[in-house]
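Text of the file structure_38.txt, holding compact mmCIF, C-alpha atoms:
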```txt
# COMPACT_ATOMS: atom_id res chain seq x y z
CA MET A 1 -8.17 -2.64 18.99
CA ILE A 2 -5.40 -0.13 19.80
CA LEU A 3 -6.52 2.07 16.91
CA GLU A 4 -10.15 2.04 18.01
CA GLU A 5 -9.15 2.84 21.58
CA ALA A 6 -6.96 5.77 20.56
CA PHE A 7 -9.49 7.36 18.23
CA LYS A 8 -12.45 7.13 20.61
CA ASN A 9 -11.82 10.62 21.98
CA LEU A 10 -10.23 13.98 21.18
CA GLU A 11 -7.48 13.83 23.79
CA PRO A 12 -4.15 14.60 22.08
CA GLY A 13 -2.07 13.33 25.00
CA ALA A 14 1.57 14.20 25.48
CA PHE A 15 2.69 12.54 22.25
CA PRO A 16 1.00 11.66 18.93
CA PHE A 17 -0.67 8.26 18.80
CA SER A 18 0.53 7.75 15.21
CA MET A 19 4.00 9.11 14.51
CA GLY A 20 5.11 9.25 10.87
CA VAL A 21 8.76 10.06 10.20
CA GLU A 22 9.72 10.62 6.58
CA VAL A 23 13.23 9.23 6.28
CA THR A 24 13.21 10.13 2.58
CA ASN A 25 10.83 11.47 -0.02
CA PHE A 26 12.81 10.04 -2.91
CA CYS A 27 11.01 7.23 -4.71
CA ASN A 28 11.81 4.85 -7.54
CA LEU A 29 8.24 4.89 -8.85
CA LYS A 30 5.99 7.54 -10.36
CA CYS A 31 2.42 6.68 -9.40
CA PRO A 32 -0.33 8.92 -10.80
CA MET A 33 -2.23 9.03 -7.49
CA CYS A 34 0.78 10.22 -5.47
CA PRO A 35 1.22 13.97 -4.83
CA ARG A 36 4.95 13.63 -4.16
CA GLU A 37 6.12 15.28 -7.35
CA ILE A 38 3.70 18.19 -7.23
CA ALA A 39 4.74 19.10 -3.68
CA GLU A 40 6.90 22.20 -3.40
CA ARG A 41 9.07 21.29 -0.42
CA GLY A 42 11.97 19.75 -2.32
CA PHE A 43 13.55 16.32 -1.89
CA GLY A 44 15.98 14.90 0.61
CA ASN A 45 17.00 12.24 3.11
CA MET A 46 16.64 12.68 6.85
CA ASP A 47 19.89 12.80 8.83
CA PHE A 48 20.38 9.70 10.96
CA GLU A 49 21.00 11.94 13.98
CA LEU A 50 17.63 13.63 13.57
CA PHE A 51 15.90 10.29 13.15
CA ALA A 52 17.60 9.03 16.32
CA LYS A 53 16.46 12.12 18.24
CA ILE A 54 12.83 11.44 17.31
CA ALA A 55 13.13 7.71 18.04
CA ASP A 56 14.72 8.42 21.43
CA GLU A 57 11.75 10.55 22.41
CA ALA A 58 9.23 8.05 21.03
CA SER A 59 10.81 5.29 23.11
CA HIS A 60 9.44 6.95 26.25
CA HIS A 61 5.83 6.72 25.07
CA ALA A 62 4.13 3.32 25.03
CA TYR A 63 1.22 2.17 22.86
CA ARG A 64 2.10 4.43 19.98
CA ILE A 65 2.47 3.48 16.32
CA PHE A 66 5.78 4.57 14.79
CA LEU A 67 5.99 4.71 11.01
CA PRO A 68 9.41 5.49 9.49
CA GLN A 69 7.51 6.69 6.48
CA GLY A 70 6.45 9.64 4.38
CA PHE A 71 6.11 10.42 0.70
CA GLY A 72 8.89 8.18 -0.56
CA GLU A 73 10.22 4.63 -0.57
CA SER A 74 12.03 4.31 2.75
CA PHE A 75 14.40 1.57 1.58
CA ILE A 76 16.03 4.13 -0.72
CA HIS A 77 17.58 5.81 2.32
CA PRO A 78 21.18 4.54 2.56
CA ARG A 79 20.83 3.97 6.32
CA PHE A 80 17.26 2.74 6.54
CA ARG A 81 18.33 -0.70 7.71
CA ASP A 82 20.33 0.97 10.49
CA MET A 83 17.26 2.99 11.40
CA LEU A 84 15.14 -0.15 11.78
CA LEU A 85 17.77 -1.70 14.03
CA TYR A 86 17.92 1.50 16.08
CA LEU A 87 14.16 1.40 16.66
CA LYS A 88 14.52 -2.16 17.92
CA GLN A 89 17.39 -1.24 20.22
CA LYS A 90 15.37 1.61 21.69
CA GLY A 91 12.30 -0.57 22.14
CA VAL A 92 10.10 1.54 19.88
CA HIS A 93 7.02 -0.60 19.19
CA PRO A 94 4.77 -1.11 17.39
CA THR A 95 6.48 -0.12 14.17
CA MET A 96 5.04 -0.20 10.68
CA VAL A 97 6.87 0.00 7.35
CA ILE A 98 4.99 0.85 4.16
CA THR A 99 6.72 -0.17 0.94
CA ASN A 100 6.01 -0.51 -2.76
CA GLY A 101 7.75 -3.90 -2.63
CA THR A 102 10.29 -3.21 -5.35
CA LEU A 103 13.26 -3.27 -2.97
CA LEU A 104 12.34 -6.30 -0.85
CA ASN A 105 15.65 -8.01 -1.54
CA GLU A 106 17.56 -10.31 0.79
CA LYS A 107 19.24 -7.53 2.80
CA ASN A 108 16.06 -5.53 3.27
CA VAL A 109 13.88 -8.50 4.17
CA THR A 110 16.54 -9.57 6.68
CA ALA A 111 16.44 -6.05 8.16
CA LEU A 112 12.66 -6.25 8.59
CA ILE A 113 12.89 -9.59 10.38
CA ASP A 114 15.98 -8.81 12.44
CA GLY A 115 14.55 -5.41 13.35
CA GLU A 116 11.38 -7.12 14.60
CA VAL A 117 9.23 -4.67 12.65
CA ASP A 118 5.65 -5.30 13.73
CA LEU A 119 3.87 -4.59 10.46
CA VAL A 120 4.89 -4.38 6.82
CA SER A 121 2.30 -2.99 4.45
CA VAL A 122 3.03 -3.71 0.78
CA SER A 123 1.22 -1.57 -1.78
CA LEU A 124 0.35 -4.08 -4.47
CA ASP A 125 -2.39 -2.96 -6.81
CA GLY A 126 -3.99 -6.01 -8.35
CA THR A 127 -3.03 -9.16 -10.21
CA ASN A 128 -3.11 -7.77 -13.73
CA LYS A 129 0.39 -6.95 -14.99
CA GLU A 130 -0.73 -4.27 -17.45
CA VAL A 131 -2.94 -2.49 -14.92
CA TYR A 132 -0.40 -2.78 -12.12
CA GLU A 133 2.47 -1.37 -14.17
CA ALA A 134 0.32 1.49 -15.44
CA ILE A 135 -0.39 2.47 -11.82
CA ARG A 136 3.00 1.66 -10.27
CA LYS A 137 5.06 3.25 -13.03
CA ASN A 138 8.65 1.94 -13.28
CA ALA A 139 7.79 -1.24 -11.35
CA ASN A 140 7.91 -4.76 -12.78
CA TYR A 141 4.90 -6.80 -11.70
CA GLU A 142 6.59 -10.22 -11.75
CA ARG A 143 9.58 -8.92 -9.81
CA VAL A 144 7.44 -7.36 -7.09
CA VAL A 145 5.29 -10.48 -6.72
CA ALA A 146 8.48 -12.55 -6.37
CA ASN A 147 9.75 -10.11 -3.73
CA VAL A 148 6.54 -10.36 -1.71
CA ARG A 149 6.58 -14.14 -1.88
CA TYR A 150 10.21 -14.08 -0.74
CA LEU A 151 9.19 -12.02 2.30
CA PHE A 152 6.58 -14.64 3.23
CA GLU A 153 8.99 -17.50 2.57
CA GLU A 154 11.90 -16.02 4.50
CA ARG A 155 9.72 -15.27 7.50
CA GLU A 156 8.54 -18.89 7.41
CA ARG A 157 12.05 -20.27 6.95
CA ARG A 158 13.30 -18.35 9.97
CA GLN A 159 10.21 -19.30 11.98
CA ALA A 160 9.66 -15.65 12.81
CA THR A 161 6.33 -14.27 13.98
CA LEU A 162 7.16 -10.76 12.77
CA PRO A 163 6.62 -8.84 10.67
CA ARG A 164 2.91 -9.29 10.19
CA ILE A 165 2.23 -8.63 6.53
CA ILE A 166 -0.52 -6.48 5.06
CA LEU A 167 -1.09 -6.67 1.32
CA ARG A 168 -2.83 -3.43 0.43
CA MET A 169 -4.66 -2.64 -2.78
CA ILE A 170 -6.08 0.77 -3.68
CA LYS A 171 -9.62 0.51 -4.96
CA MET A 172 -10.01 2.67 -8.04
CA ALA A 173 -11.66 2.46 -11.44
CA GLU A 174 -8.83 0.39 -12.91
CA THR A 175 -8.55 -2.12 -10.04
CA GLU A 176 -12.10 -2.56 -8.73
CA ALA A 177 -12.87 -5.61 -10.88
CA ASP A 178 -9.69 -7.32 -9.72
CA VAL A 179 -10.59 -7.35 -6.01
CA PRO A 180 -11.87 -10.98 -5.88
CA LYS A 181 -8.88 -12.33 -7.82
CA PHE A 182 -6.46 -10.40 -5.63
CA GLN A 183 -7.99 -11.95 -2.52
CA GLU A 184 -8.01 -15.41 -4.05
CA TYR A 185 -4.37 -15.23 -5.16
CA TRP A 186 -2.87 -14.01 -1.87
CA ALA A 187 -5.13 -15.63 0.75
CA PRO A 188 -3.14 -18.92 0.83
CA TRP A 189 0.02 -17.02 1.79
CA LEU A 190 -1.43 -15.44 4.91
CA LYS A 191 -0.62 -16.52 8.45
CA PRO A 192 -2.46 -15.43 11.62
CA GLY A 193 -2.04 -11.68 11.97
CA ASP A 194 -1.56 -11.09 8.23
CA GLU A 195 -4.30 -9.51 6.16
CA ILE A 196 -5.45 -8.31 2.78
CA ALA A 197 -6.65 -4.73 2.93
CA PHE A 198 -8.30 -2.33 0.53
CA SER A 199 -7.81 1.42 0.64
CA ASN A 200 -10.07 4.01 -0.91
CA TYR A 201 -8.52 6.15 -3.60
CA GLN A 202 -7.43 9.60 -2.40
CA THR A 203 -7.36 12.78 -4.45
CA TRP A 204 -5.31 14.69 -1.86
CA ASN A 205 -8.00 17.37 -1.78
CA GLY A 206 -8.29 17.53 -5.55
CA SER A 207 -4.54 17.57 -6.26
CA VAL A 208 -4.64 14.44 -8.46
CA ALA A 209 -7.18 12.99 -10.89
CA ASP A 210 -10.29 11.58 -9.22
CA LYS A 211 -10.58 7.82 -9.79
CA ARG A 212 -12.66 6.96 -6.73
CA VAL A 213 -15.21 4.19 -6.85
CA GLU A 214 -16.56 4.85 -3.36
CA GLU A 215 -17.38 8.04 -1.53
CA PRO A 216 -14.91 8.71 1.29
CA SER A 217 -16.37 8.13 4.76
CA GLY A 218 -15.43 11.67 5.72
CA MET A 219 -17.53 13.14 2.93
CA THR A 220 -20.43 10.93 3.94
CA ALA A 221 -20.18 12.26 7.49
CA LEU A 222 -20.04 15.87 6.31
CA LYS A 223 -23.08 15.41 4.08
CA SER A 224 -24.99 13.97 7.02
CA GLY A 225 -24.39 17.14 8.98
CA HIS A 226 -21.38 16.15 11.09
CA ARG A 227 -19.17 19.19 11.62
CA GLY A 228 -17.07 18.15 14.60
CA PRO A 229 -13.27 18.34 14.77
CA CYS A 230 -11.20 16.01 12.63
CA ARG A 231 -9.53 13.47 14.89
CA MET A 232 -6.36 13.50 12.80
CA LEU A 233 -5.33 16.73 14.53
CA TYR A 234 -5.50 14.99 17.90
CA LYS A 235 -3.97 11.63 17.06
CA THR A 236 -1.54 11.78 14.15
CA ALA A 237 1.64 13.65 13.32
CA GLN A 238 4.00 13.58 10.36
CA VAL A 239 7.61 14.77 10.47
CA TYR A 240 9.17 15.40 7.08
CA PHE A 241 12.78 14.77 6.10
CA ASP A 242 13.80 18.34 6.99
CA GLY A 243 12.32 18.16 10.48
CA ARG A 244 9.12 20.10 9.85
CA MET A 245 6.04 18.66 11.51
CA THR A 246 2.35 18.71 10.60
CA PRO A 247 -0.61 17.18 12.49
CA CYS A 248 -2.01 15.61 9.32
CA CYS A 249 -0.40 12.88 7.21
CA TYR A 250 -2.44 14.07 4.20
CA ASP A 251 -0.68 17.45 4.35
CA TYR A 252 1.87 16.50 1.69
CA ASP A 253 3.19 20.07 1.33
CA CYS A 254 3.39 20.75 5.09
CA THR A 255 1.03 23.72 4.83
CA MET A 256 -0.02 23.18 8.47
CA GLU A 257 3.50 23.28 9.88
CA ILE A 258 3.35 23.35 13.68
CA GLY A 259 7.09 23.28 14.38
CA ASN A 260 10.43 21.73 13.57
CA VAL A 261 11.92 18.86 15.56
CA ARG A 262 15.39 20.21 14.87
CA GLU A 263 14.50 23.05 17.24
CA GLN A 264 12.01 21.48 19.67
CA SER A 265 10.95 18.11 20.95
CA VAL A 266 7.97 16.33 19.39
CA SER A 267 6.04 16.76 22.65
CA GLU A 268 6.70 20.50 22.77
CA ILE A 269 5.46 20.92 19.22
CA TRP A 270 2.49 18.58 19.70
CA ASN A 271 1.29 20.58 22.70
CA GLY A 272 2.43 23.96 21.42
CA GLU A 273 0.39 27.00 20.47
CA ARG A 274 0.46 26.33 16.74
CA ALA A 275 -1.01 22.83 17.14
CA GLN A 276 -3.61 24.10 19.59
CA HIS A 277 -4.54 26.88 17.17
CA PHE A 278 -5.53 24.42 14.46
CA ARG A 279 -7.49 22.31 16.96
CA ARG A 280 -9.38 25.37 18.20
CA LEU A 281 -10.40 26.28 14.66
CA HIS A 282 -11.89 22.81 14.26
CA GLU A 283 -13.59 22.94 17.65
CA GLU A 284 -15.11 26.33 16.82
CA GLY A 285 -16.43 25.12 13.47
CA LYS A 286 -13.90 27.20 11.54
CA SER A 287 -11.96 24.41 9.83
CA ASP A 288 -12.63 26.07 6.46
CA GLU A 289 -10.17 28.76 7.50
CA ILE A 290 -7.44 26.12 7.03
CA PRO A 291 -6.95 25.72 3.24
CA ILE A 292 -6.07 22.01 3.32
CA CYS A 293 -9.07 21.23 5.55
CA ARG A 294 -11.51 23.12 3.32
CA GLY A 295 -13.44 20.42 1.49
CA CYS A 296 -11.08 17.67 2.67
CA GLN A 297 -12.26 14.24 1.56
CA GLU A 298 -10.29 12.42 4.24
CA TYR A 299 -12.04 14.10 7.16
CA THR A 300 -12.06 11.72 10.15
CA PRO A 301 -15.04 12.46 12.46
```

Structure re-expressed in structure tokens:
Amino acid sequence: MILEEAFKNLEPGAFPFSMGVEVTNFCNLKCPMCPREIAERGFGNMDFELFAKIADEASHHAYRIFLPQGFGESFIHPRFRDMLLYLKQKGVHPTMVITNGTLLNEKNVTALIDGEVDLVSVSLDGTNKEVYEAIRKNANYERVVANVRYLFEERERRQATLPRIILRMIKMAETEADVPKFQEYWAPWLKPGDEIAFSNYQTWNGSVADKRVEEPSGMTALKSGHRGPCRMLYKTAQVYFDGRMTPCCYDYDCTMEIGNVREQSVSEIWNGERAQHFRRLHEEGKSDEIPICRGCQEYTP
């Protein structure tokens, strides 16, 4: 409901509706559909002080989604548990953590529950060990399944209502046939508010091999003649570990940099000239002048 309400117009507001903050872009897996390793912006962890600065500002804006997330596994950050607690202390809600599930150990699950994280989305591609481990390279299927079950069990044991759990599977050539079995296996674990979700495969504008089984909705809209602005530029922002900010979470190399939160506030950047420049290009039908937008398959009309 909140998502539908936010995306119904092209009003950017004073602060992004969806605020992604990449605490790290280090990852323990090497997934073929992830552009992390072909990006040219280097690797690093965000300073806790910079994270706190962003969280402090976000705490003054209600009905926003805060994702301490980017192109990495956030639990790798040595202070990620402290970051979750800080978000709780500052009253930043709703929050959403996306994880590959490999590090859902006792300490990290406790941090999710104690931090009252609203949503945890676990990327869990299928029920076939061979297929899963070919996609989530370096992961052990049985270990991850046990971790996810532990998350459900510990939440139940503590009689906690949060986090709500989303089990997300990417639909691609290798996993499409496993969709019914995936639903059947995990459905008994769900409580009210939990869900099983399926994401379309992304090529990151042709940066990785195309294994789609469905045409992206954005491409369907473009083919039908829709040429309006992409709503991502008005609703979402991603800050990377070094403080650089882009208005599009698909911009894995930060080619649309609109500012750096080390130097300005999020609001100043979000409403600054650089951000407005990209929006004007879309409004004037000139989105092709932005390389990452040219032919983008994730266009959101």

Given 5 Å on each side, where is the centre and what are the edge lengths in Å to one decimal of the axis-aligned box enclosing the listed atoms of region 182-190 of chain A, as AutoDock Vina command-line options?
```
--center_x -4.0 --center_y -14.7 --center_z -0.4 --size_x 18.0 --size_y 18.5 --size_z 20.5
```

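Minimum atom-to-atom distance to His282 (chain A), evaluated using all atoms listed in the file, belongs to A:Leu10 out of A:Glu116, A:Asp82, A:Leu10, A:Lys107.
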
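With all atoms listed in the file as the atoms that count, the minimum distance from Arg158 (chain A) to the choices A:Ser74, A:Thr110, A:Gln183, A:Asn128 is reached by A:Thr110.
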
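If only C-alpha atoms are the atoms counted, then among A:Val148, A:Leu50, A:Val23, A:Met172 the closest residue to Arg79 (chain A) is A:Val23.
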
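Picture a line from CA of His277 (chain A) to CA of Phe241 (chain A); it runs 23.9 Å.
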
State, in Å with one decimal place, the distance from CA of Cys230 (chain A) to CA of Tyr299 (chain A).
5.9 Å

Pick out the residues sitting within 7 Å of region 258-270 of chain A, and hand them over as a short mmCIF file (atom, residue, chain, number, x, y, z; two decimals) with C-alpha atoms, in the coordinates of the input; count all atoms listed in the file, and ignore anything fewer than 2 positions along from it in its own chain.
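Ended up saving to out.cif:
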```cif
data_model
loop_
_atom_site.label_atom_id
_atom_site.label_comp_id
_atom_site.auth_asym_id
_atom_site.auth_seq_id
_atom_site.Cartn_x
_atom_site.Cartn_y
_atom_site.Cartn_z
CA ALA A 14 1.57 14.20 25.48
CA PHE A 15 2.69 12.54 22.25
CA GLY A 243 12.32 18.16 10.48
CA ARG A 244 9.12 20.10 9.85
CA MET A 245 6.04 18.66 11.51
CA THR A 246 2.35 18.71 10.60
CA MET A 256 -0.02 23.18 8.47
CA GLY A 272 2.43 23.96 21.42
CA ARG A 274 0.46 26.33 16.74
CA ALA A 275 -1.01 22.83 17.14
#
```

Output file: region 247-272 of chain A, N, CA and C atoms, as a PDB file, in the first residue's frame:
```pdb
ATOM      1  N   PRO A 247      20.352   8.464  -8.274  1.00  0.00           N
ATOM      2  CA  PRO A 247      18.898   8.338  -8.112  1.00  0.00           C
ATOM      3  C   PRO A 247      18.351   7.006  -8.596  1.00  0.00           C
ATOM      4  N   CYS A 248      19.233   6.063  -8.954  1.00  0.00           N
ATOM      5  CA  CYS A 248      18.753   4.796  -9.488  1.00  0.00           C
ATOM      6  C   CYS A 248      19.526   3.637  -8.875  1.00  0.00           C
ATOM      7  N   CYS A 249      18.820   2.698  -8.255  1.00  0.00           N
ATOM      8  CA  CYS A 249      19.484   1.572  -7.602  1.00  0.00           C
ATOM      9  C   CYS A 249      20.053   0.578  -8.616  1.00  0.00           C
ATOM     10  N   TYR A 250      19.706   0.724  -9.905  1.00  0.00           N
ATOM     11  CA  TYR A 250      20.283  -0.137 -10.936  1.00  0.00           C
ATOM     12  C   TYR A 250      21.601   0.423 -11.468  1.00  0.00           C
ATOM     13  N   ASP A 251      21.955   1.614 -11.024  1.00  0.00           N
ATOM     14  CA  ASP A 251      23.175   2.283 -11.478  1.00  0.00           C
ATOM     15  C   ASP A 251      24.361   1.767 -10.672  1.00  0.00           C
ATOM     16  N   TYR A 252      24.772   0.540 -10.956  1.00  0.00           N
ATOM     17  CA  TYR A 252      25.767  -0.144 -10.123  1.00  0.00           C
ATOM     18  C   TYR A 252      27.147   0.505 -10.158  1.00  0.00           C
ATOM     19  N   ASP A 253      27.428   1.309 -11.198  1.00  0.00           N
ATOM     20  CA  ASP A 253      28.730   1.972 -11.294  1.00  0.00           C
ATOM     21  C   ASP A 253      28.656   3.457 -10.953  1.00  0.00           C
ATOM     22  N   CYS A 254      27.509   3.895 -10.477  1.00  0.00           N
ATOM     23  CA  CYS A 254      27.287   5.294 -10.071  1.00  0.00           C
ATOM     24  C   CYS A 254      27.610   6.264 -11.212  1.00  0.00           C
ATOM     25  N   THR A 255      27.152   5.937 -12.409  1.00  0.00           N
ATOM     26  CA  THR A 255      27.379   6.804 -13.560  1.00  0.00           C
ATOM     27  C   THR A 255      26.492   8.045 -13.543  1.00  0.00           C
ATOM     28  N   MET A 256      25.419   8.003 -12.729  1.00  0.00           N
ATOM     29  CA  MET A 256      24.523   9.153 -12.609  1.00  0.00           C
ATOM     30  C   MET A 256      24.735   9.850 -11.262  1.00  0.00           C
ATOM     31  N   GLU A 257      25.949   9.989 -10.850  1.00  0.00           N
ATOM     32  CA  GLU A 257      26.227  10.592  -9.545  1.00  0.00           C
ATOM     33  C   GLU A 257      25.603  11.987  -9.455  1.00  0.00           C
ATOM     34  N   ILE A 258      24.848  12.215  -8.388  1.00  0.00           N
ATOM     35  CA  ILE A 258      24.210  13.522  -8.206  1.00  0.00           C
ATOM     36  C   ILE A 258      24.766  14.269  -6.995  1.00  0.00           C
ATOM     37  N   GLY A 259      25.728  13.663  -6.307  1.00  0.00           N
ATOM     38  CA  GLY A 259      26.347  14.327  -5.166  1.00  0.00           C
ATOM     39  C   GLY A 259      26.975  13.328  -4.231  1.00  0.00           C
ATOM     40  N   ASN A 260      27.563  13.845  -3.159  1.00  0.00           N
ATOM     41  CA  ASN A 260      28.214  12.989  -2.172  1.00  0.00           C
ATOM     42  C   ASN A 260      27.758  13.412  -0.781  1.00  0.00           C
ATOM     43  N   VAL A 261      27.239  12.466  -0.011  1.00  0.00           N
ATOM     44  CA  VAL A 261      26.689  12.798   1.298  1.00  0.00           C
ATOM     45  C   VAL A 261      27.777  13.134   2.319  1.00  0.00           C
ATOM     46  N   ARG A 262      29.026  12.946   1.949  1.00  0.00           N
ATOM     47  CA  ARG A 262      30.102  13.429   2.819  1.00  0.00           C
ATOM     48  C   ARG A 262      30.161  14.958   2.796  1.00  0.00           C
ATOM     49  N   GLU A 263      29.669  15.535   1.706  1.00  0.00           N
ATOM     50  CA  GLU A 263      29.779  16.977   1.498  1.00  0.00           C
ATOM     51  C   GLU A 263      28.462  17.718   1.646  1.00  0.00           C
ATOM     52  N   GLN A 264      27.347  17.015   1.424  1.00  0.00           N
ATOM     53  CA  GLN A 264      26.019  17.625   1.498  1.00  0.00           C
ATOM     54  C   GLN A 264      25.059  16.686   2.204  1.00  0.00           C
ATOM     55  N   SER A 265      23.905  17.212   2.553  1.00  0.00           N
ATOM     56  CA  SER A 265      22.867  16.356   3.112  1.00  0.00           C
ATOM     57  C   SER A 265      22.179  15.609   1.980  1.00  0.00           C
ATOM     58  N   VAL A 266      21.470  14.527   2.330  1.00  0.00           N
ATOM     59  CA  VAL A 266      20.711  13.784   1.326  1.00  0.00           C
ATOM     60  C   VAL A 266      19.682  14.699   0.669  1.00  0.00           C
ATOM     61  N   SER A 267      18.988  15.493   1.473  1.00  0.00           N
ATOM     62  CA  SER A 267      17.953  16.383   0.939  1.00  0.00           C
ATOM     63  C   SER A 267      18.524  17.399  -0.037  1.00  0.00           C
ATOM     64  N   GLU A 268      19.689  17.950   0.284  1.00  0.00           N
ATOM     65  CA  GLU A 268      20.309  18.921  -0.620  1.00  0.00           C
ATOM     66  C   GLU A 268      20.650  18.282  -1.959  1.00  0.00           C
ATOM     67  N   ILE A 269      21.167  17.080  -1.911  1.00  0.00           N
ATOM     68  CA  ILE A 269      21.512  16.377  -3.149  1.00  0.00           C
ATOM     69  C   ILE A 269      20.259  16.005  -3.924  1.00  0.00           C
ATOM     70  N   TRP A 270      19.269  15.484  -3.206  1.00  0.00           N
ATOM     71  CA  TRP A 270      18.025  15.003  -3.822  1.00  0.00           C
ATOM     72  C   TRP A 270      17.289  16.122  -4.552  1.00  0.00           C
ATOM     73  N   ASN A 271      17.399  17.331  -4.044  1.00  0.00           N
ATOM     74  CA  ASN A 271      16.719  18.475  -4.651  1.00  0.00           C
ATOM     75  C   ASN A 271      17.681  19.403  -5.387  1.00  0.00           C
ATOM     76  N   GLY A 272      18.913  18.932  -5.573  1.00  0.00           N
ATOM     77  CA  GLY A 272      19.928  19.751  -6.215  1.00  0.00           C
ATOM     78  C   GLY A 272      19.835  19.771  -7.729  1.00  0.00           C
TER      79      GLY A 272
END
```
